[in-house]
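These notes are about the structure you will find just below.
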Amino acid sequence: AKQSGRANFHIYTPELEQQANQAHQLELRMRRALKNGGFKLLYQPVIDIKSGRLAGAEALLRLEDNDDEPIGPNSFIPIAESAGLIGQLGEWVAVEACRQQEEWMRQGLKVTMAINVSPLQLRQPAFAEKLGRIITDLGADPSYLELEVTESAIMENLNEAIEILKKIKSLGVKVALDDFGVGYSSLSSLTNLPLDKLKVDQSFVQHIERDQASRAVTEAILALGHSLKLDVHGEGIESENALLYLEEHGCNQAQGYWFSRPLPPNEFVRWYHEQWEA
Ligand code: C2E
Ligand code: CA
Ligand code: CA
Ligand code: CA
């Protein structure tokens, strides 16, 4: 009887406890990493489809505080949000991405730097003011910066979001709506948002070749975006066929493993030179 009691104990508690414990460990690691430089940004090339040239880079965050495989943002961003760390972390990302953009510009590498912003971060008071100060302090060129925001960030409070986005735009920074097509934006609200770009969610792009419904959604987003005078950007492109399809349907920009995985800065520069200055 004693034994089965212990067995039950193990069956009922460990999973949740383990999860909470893991989250706590990750929170501690993140706090340390913010102090000790344990976060890194990788950069994934963005291609202008018409010219075939490099258009920009998306900065993608990694936790790389030891010799193990780096940890991706899907595992730690939610924890950073619930632990109240997202403001500080987002600020680190903005500073590092602006610093890198300014350095590349000085070296003659003109890349529009796309920065992901968490909904919580976007809605912090004085977000735009802080961003403006970072841009000025680092001497970054705001016309070569782009913020990627998600539908859920915007639709929770549309009027508030419009005000925030207007402030961001007044800095001269561009705004892209990320993961478009999977959220819940009403189409009419799109016309009120000061956007520059729609990024088609990669779940559609990845199924373009096999799935008629994904092609239909992608084409609808392209038509919608273009009628609103927005650039449309396809991400998650893993094959030449997907790229050709998007090209044929007037997609403006492309990103995905077909071109390159996200790269550390030195490899990004090397990749650039290999592609265009052989
Ligand atoms: P996202 O903004 O949609 O970024 C694209 C994700 O798709 C990246 O994953 C990228 O590595 C991956 N990807 C790119 N090309 C391909 C492809 O051809 N095939 C496939 N299967 N995947 C591809 P990653 O780096 O793991 O980032 C995941 C998400 O984490 C991002 O999705 C973004 O929402 C968030 N994130 C990344 N960096 C930051 C950051 O600095 N701040 C915040 N708040 N969120 C971030
Ligand atoms: Ca993004
Ligand atoms: Ca996306
Ligand atoms: Ca995403």
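If you're wondering about the labels, chains in the structure tokens are A, B, ... by order shown, residues count from 1 in each chain, ligands from 1 in order shown.
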
Under the rule of at most 8 Å, produce a per-residue listing of range 117-176 of chain A near range 187-200 of chain A: chain, number, name, the closest pair of atoms, and the distance in Å, as JSON lines, using only C-alpha atoms.
```
{"residue": "A:Leu158", "atom": "CA", "partner": "A:Ser189", "partner_atom": "CA", "distance": 7.8}
{"residue": "A:Ile162", "atom": "CA", "partner": "A:Leu193", "partner_atom": "CA", "distance": 5.8}
{"residue": "A:Leu165", "atom": "CA", "partner": "A:Pro194", "partner_atom": "CA", "distance": 6.5}
{"residue": "A:Lys166", "atom": "CA", "partner": "A:Pro194", "partner_atom": "CA", "distance": 6.5}
{"residue": "A:Lys169", "atom": "CA", "partner": "A:Pro194", "partner_atom": "CA", "distance": 7.6}
{"residue": "A:Lys174", "atom": "CA", "partner": "A:Asp196", "partner_atom": "CA", "distance": 6.1}
{"residue": "A:Val175", "atom": "CA", "partner": "A:Leu195", "partner_atom": "CA", "distance": 5.3}
{"residue": "A:Ala176", "atom": "CA", "partner": "A:Lys197", "partner_atom": "CA", "distance": 4.5}
```

Item to check | Contacts of range 90-105 of chain A at 10 Å (only C-alpha atoms; same-chain gap of 5+ positions) as number ranges by chain | outcome: A: 34, 37, 39-43, 56-61, 77, 80, 85, 110-118, 120-122, 127, 130-131, 133-142, 144-145, 147, 265, 269

Checklist entry - Counting only C-alpha atoms and all ligand atoms, which protein, DNA or RNA residues come within 8 Å of ligand 4, given as JSON, numbers by chain? => result {"A": [150, 178, 179, 201]}

Dump as a tab-separated table (two decimals), in the first residue's frame, selection limited to N, CA, C and O atoms:
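Output contents, as saved in again22.tsv:
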```tsv
chain	number	residue	atom	x	y	z
A	150	THR	N	2.62	41.82	-34.29
A	150	THR	CA	1.67	40.77	-34.67
A	150	THR	C	0.24	41.27	-34.55
A	150	THR	O	-0.04	42.25	-33.86
A	178	ASP	N	3.27	41.09	-38.85
A	178	ASP	CA	3.88	39.76	-38.94
A	178	ASP	C	2.81	38.66	-38.84
A	178	ASP	O	1.74	38.90	-38.29
A	179	ASP	N	3.14	37.49	-39.33
A	179	ASP	CA	2.27	36.31	-39.20
A	179	ASP	C	0.86	36.60	-39.69
A	179	ASP	O	-0.13	36.11	-39.11
A	201	ASP	N	1.90	34.70	-43.16
A	201	ASP	CA	2.35	33.70	-42.19
A	201	ASP	C	2.97	32.50	-42.91
A	201	ASP	O	2.48	32.04	-43.93
```

Checklist entry - Could you work out how far CA of Pro73 in chain A lies from atom 32 (O, counted along the ligand's line) of ligand 1, giving the answer in Å with one decimal? => result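 Separation of atom 32 (O, counted along the ligand's line) of ligand 1 and CA of Pro73 in chain A: 7.9 Å.
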
Checklist entry - Which neighbours of range 215-219 of chain A fall inside 9 Å, counting only C-alpha atoms, when residues of the same chain fewer than 6 positions from it are skipped, and could you give them as an MDAnalysis selection string? => result chainID A and resid 181 200:201 204:205 207:209 234 246 249

Selected residues written out, N, CA and C atoms, as a short mmCIF file (atom, residue, chain, number, x, y, z; two decimals), in the first residue's frame:
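Below is the file again02.cif, written as the result:
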```cif
data_model
loop_
_atom_site.label_atom_id
_atom_site.label_comp_id
_atom_site.auth_asym_id
_atom_site.auth_seq_id
_atom_site.Cartn_x
_atom_site.Cartn_y
_atom_site.Cartn_z
N GLY A 181 -2.63 36.57 -41.43
CA GLY A 181 -3.52 35.56 -42.00
C GLY A 181 -3.99 34.52 -40.99
N VAL A 200 3.16 37.44 -44.86
CA VAL A 200 2.27 36.28 -44.96
C VAL A 200 2.77 35.22 -43.98
N ASP A 201 1.90 34.70 -43.16
CA ASP A 201 2.35 33.70 -42.19
C ASP A 201 2.97 32.50 -42.91
N PHE A 204 1.23 29.28 -44.48
CA PHE A 204 0.66 29.25 -45.83
C PHE A 204 1.74 29.01 -46.87
N VAL A 205 2.84 29.78 -46.72
CA VAL A 205 3.92 29.68 -47.72
C VAL A 205 4.46 28.25 -47.79
N HIS A 207 2.98 25.52 -47.42
CA HIS A 207 2.10 24.53 -48.03
C HIS A 207 1.64 24.92 -49.43
N ILE A 208 2.26 25.98 -49.96
CA ILE A 208 1.88 26.49 -51.28
C ILE A 208 1.87 25.39 -52.34
N GLU A 209 2.90 24.53 -52.29
CA GLU A 209 3.04 23.55 -53.37
C GLU A 209 1.98 22.46 -53.31
N GLY A 234 6.84 37.25 -48.27
CA GLY A 234 6.64 35.83 -48.00
C GLY A 234 7.78 35.30 -47.16
N LEU A 246 5.51 32.69 -55.59
CA LEU A 246 5.33 34.02 -55.00
C LEU A 246 5.74 35.11 -55.99
N HIS A 249 3.10 35.73 -58.48
CA HIS A 249 1.92 36.40 -57.96
C HIS A 249 2.24 37.78 -57.38
#
```

Item to check | Separation of atom 32 (O, counted along the ligand's line) of ligand 1 from CA of Tyr272 in chain A, in Å and rounded to one decimal | outcome: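 Computing the Euclidean distance for atom 32 (O, counted along the ligand's line) of ligand 1 and CA of Tyr272 in chain A yields 22.6 Å.
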
Next on the checklist: Let's see if you can do this: from backbone DSSP, list all strand (DSSP E or B) residues in range 23-250 of chain A, as an MDAnalysis selection string.
Outcome noted: chainID A and resid 39:48 54:63 71 112:116 145:150 174:180 197:200 231:234

Checklist entry - Just asking: which residues within range 4-199 of chain A are alpha helix (DSSP H) according to DSSP, as a PyMOL selection string? => result chain A and resi 4-12+14-36+73-82+86-106+119-122+127-138+151-155+158-170+187-190

Next on the checklist: With only C-alpha atoms as the counted atoms, please give the residues lying no more than 9 Å from Ile154 in chain A, apart from itself and same-chain residues fewer than 6 positions off, as a ChimeraX atom specification.
Outcome noted: /A:119,160-162,185

Quick one: write out the picked residues with N, CA and C atoms as a CSV table (one decimal), in the first residue's frame?
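Saved result, result37.csv, follows:
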```
chain,number,residue,atom,x,y,z
A,119,PRO,N,3.9,41.9,-28.1
A,119,PRO,CA,2.7,42.8,-27.8
A,119,PRO,C,2.9,43.6,-26.5
A,160,GLU,N,-5.7,52.2,-29.4
A,160,GLU,CA,-4.4,52.4,-28.7
A,160,GLU,C,-3.2,52.0,-29.7
A,161,ALA,N,-3.4,50.9,-30.4
A,161,ALA,CA,-2.4,50.5,-31.3
A,161,ALA,C,-2.1,51.5,-32.4
A,162,ILE,N,-3.2,52.1,-32.9
A,162,ILE,CA,-3.0,53.1,-34.0
A,162,ILE,C,-2.2,54.3,-33.5
A,185,SER,N,-7.6,39.8,-37.3
A,185,SER,CA,-7.9,41.2,-37.6
A,185,SER,C,-9.1,41.3,-38.6
```

Item to check | Ser239 in chain A environment, 12 Å, only C-alpha atoms, sequence neighbours closer than 2 positions dropped, as a list in words | outcome: Val205, Gln206, His207, Ile208, Glu209, Glu235, Gly236, Ile237, Asn241, Ala242, Leu243, Leu244, Tyr245, Leu246, Ala254, Gln255, Gly256, Tyr257, Trp258, Phe259 and Ser260 of chain A

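A straight line drawn from CA of Gln275 in chain A to atom 28 (C, counted along the ligand's line) of ligand 1 is 25.4 Å long.
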
Item to check | For ligand 1, the nearest of the candidates A:Met155, A:Leu109, A:Leu63, A:Ile168, counting only C-alpha atoms and all ligand atoms | outcome: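 Using only C-alpha atoms and all ligand atoms, ligand 1 sits closest to A:Leu63.
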
Next on the checklist: When you count only C-alpha atoms and all ligand atoms, which of these residues is closest to ligand 2: A:Ser51, A:Asn266, A:Gln124, A:Gln202?
Outcome noted: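 Among A:Ser51, A:Asn266, A:Gln124, A:Gln202, it is A:Gln202 that comes nearest to ligand 2.
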
Item to check | Residues near His226 in chain A, cut-off 10 Å, only C-alpha atoms, skip fewer than 4 positions along chain, as a ChimeraX atom specification | outcome: /A:197-198,220-222,230-232,250-252

What does the file look like for those residues with N, CA, C and O atoms, as a PDB file, in the first residue's frame?
```pdb
ATOM      1  N   LYS A 197       3.858  47.064 -44.499  1.00  0.00           N
ATOM      2  CA  LYS A 197       4.116  45.727 -45.028  1.00  0.00           C
ATOM      3  C   LYS A 197       3.256  44.671 -44.341  1.00  0.00           C
ATOM      4  O   LYS A 197       2.979  44.764 -43.151  1.00  0.00           O
ATOM      5  N   LEU A 198       2.845  43.670 -45.112  1.00  0.00           N
ATOM      6  CA  LEU A 198       2.232  42.470 -44.536  1.00  0.00           C
ATOM      7  C   LEU A 198       3.197  41.305 -44.736  1.00  0.00           C
ATOM      8  O   LEU A 198       3.701  41.095 -45.841  1.00  0.00           O
ATOM      9  N   ALA A 220      -4.970  35.843 -51.775  1.00  0.00           N
ATOM     10  CA  ALA A 220      -5.880  36.844 -51.208  1.00  0.00           C
ATOM     11  C   ALA A 220      -5.105  37.897 -50.415  1.00  0.00           C
ATOM     12  O   ALA A 220      -5.394  39.100 -50.497  1.00  0.00           O
ATOM     13  N   ILE A 221      -4.090  37.456 -49.659  1.00  0.00           N
ATOM     14  CA  ILE A 221      -3.287  38.409 -48.880  1.00  0.00           C
ATOM     15  C   ILE A 221      -2.498  39.322 -49.818  1.00  0.00           C
ATOM     16  O   ILE A 221      -2.396  40.530 -49.591  1.00  0.00           O
ATOM     17  N   LEU A 222      -1.970  38.746 -50.901  1.00  0.00           N
ATOM     18  CA  LEU A 222      -1.240  39.563 -51.878  1.00  0.00           C
ATOM     19  C   LEU A 222      -2.162  40.623 -52.479  1.00  0.00           C
ATOM     20  O   LEU A 222      -1.797  41.806 -52.578  1.00  0.00           O
ATOM     21  N   LEU A 230       0.483  48.237 -49.753  1.00  0.00           N
ATOM     22  CA  LEU A 230       1.484  47.704 -48.824  1.00  0.00           C
ATOM     23  C   LEU A 230       2.382  46.719 -49.577  1.00  0.00           C
ATOM     24  O   LEU A 230       1.930  46.061 -50.516  1.00  0.00           O
ATOM     25  N   ASP A 231       3.634  46.614 -49.150  1.00  0.00           N
ATOM     26  CA  ASP A 231       4.477  45.535 -49.632  1.00  0.00           C
ATOM     27  C   ASP A 231       3.985  44.240 -49.002  1.00  0.00           C
ATOM     28  O   ASP A 231       3.532  44.234 -47.857  1.00  0.00           O
ATOM     29  N   VAL A 232       4.099  43.151 -49.742  1.00  0.00           N
ATOM     30  CA  VAL A 232       3.771  41.845 -49.172  1.00  0.00           C
ATOM     31  C   VAL A 232       5.033  40.980 -49.203  1.00  0.00           C
ATOM     32  O   VAL A 232       5.765  40.948 -50.198  1.00  0.00           O
ATOM     33  N   GLY A 250       3.406  38.301 -57.706  1.00  0.00           N
ATOM     34  CA  GLY A 250       3.692  39.697 -57.382  1.00  0.00           C
ATOM     35  C   GLY A 250       4.124  39.965 -55.958  1.00  0.00           C
ATOM     36  O   GLY A 250       4.074  41.108 -55.496  1.00  0.00           O
ATOM     37  N   CYS A 251       4.548  38.916 -55.254  1.00  0.00           N
ATOM     38  CA  CYS A 251       5.058  39.121 -53.892  1.00  0.00           C
ATOM     39  C   CYS A 251       6.332  39.970 -53.954  1.00  0.00           C
ATOM     40  O   CYS A 251       7.132  39.833 -54.869  1.00  0.00           O
ATOM     41  N   ASN A 252       6.497  40.888 -52.995  1.00  0.00           N
ATOM     42  CA  ASN A 252       7.606  41.838 -53.071  1.00  0.00           C
ATOM     43  C   ASN A 252       8.900  41.321 -52.467  1.00  0.00           C
ATOM     44  O   ASN A 252       9.969  41.546 -53.009  1.00  0.00           O
TER      45      ASN A 252
END
```
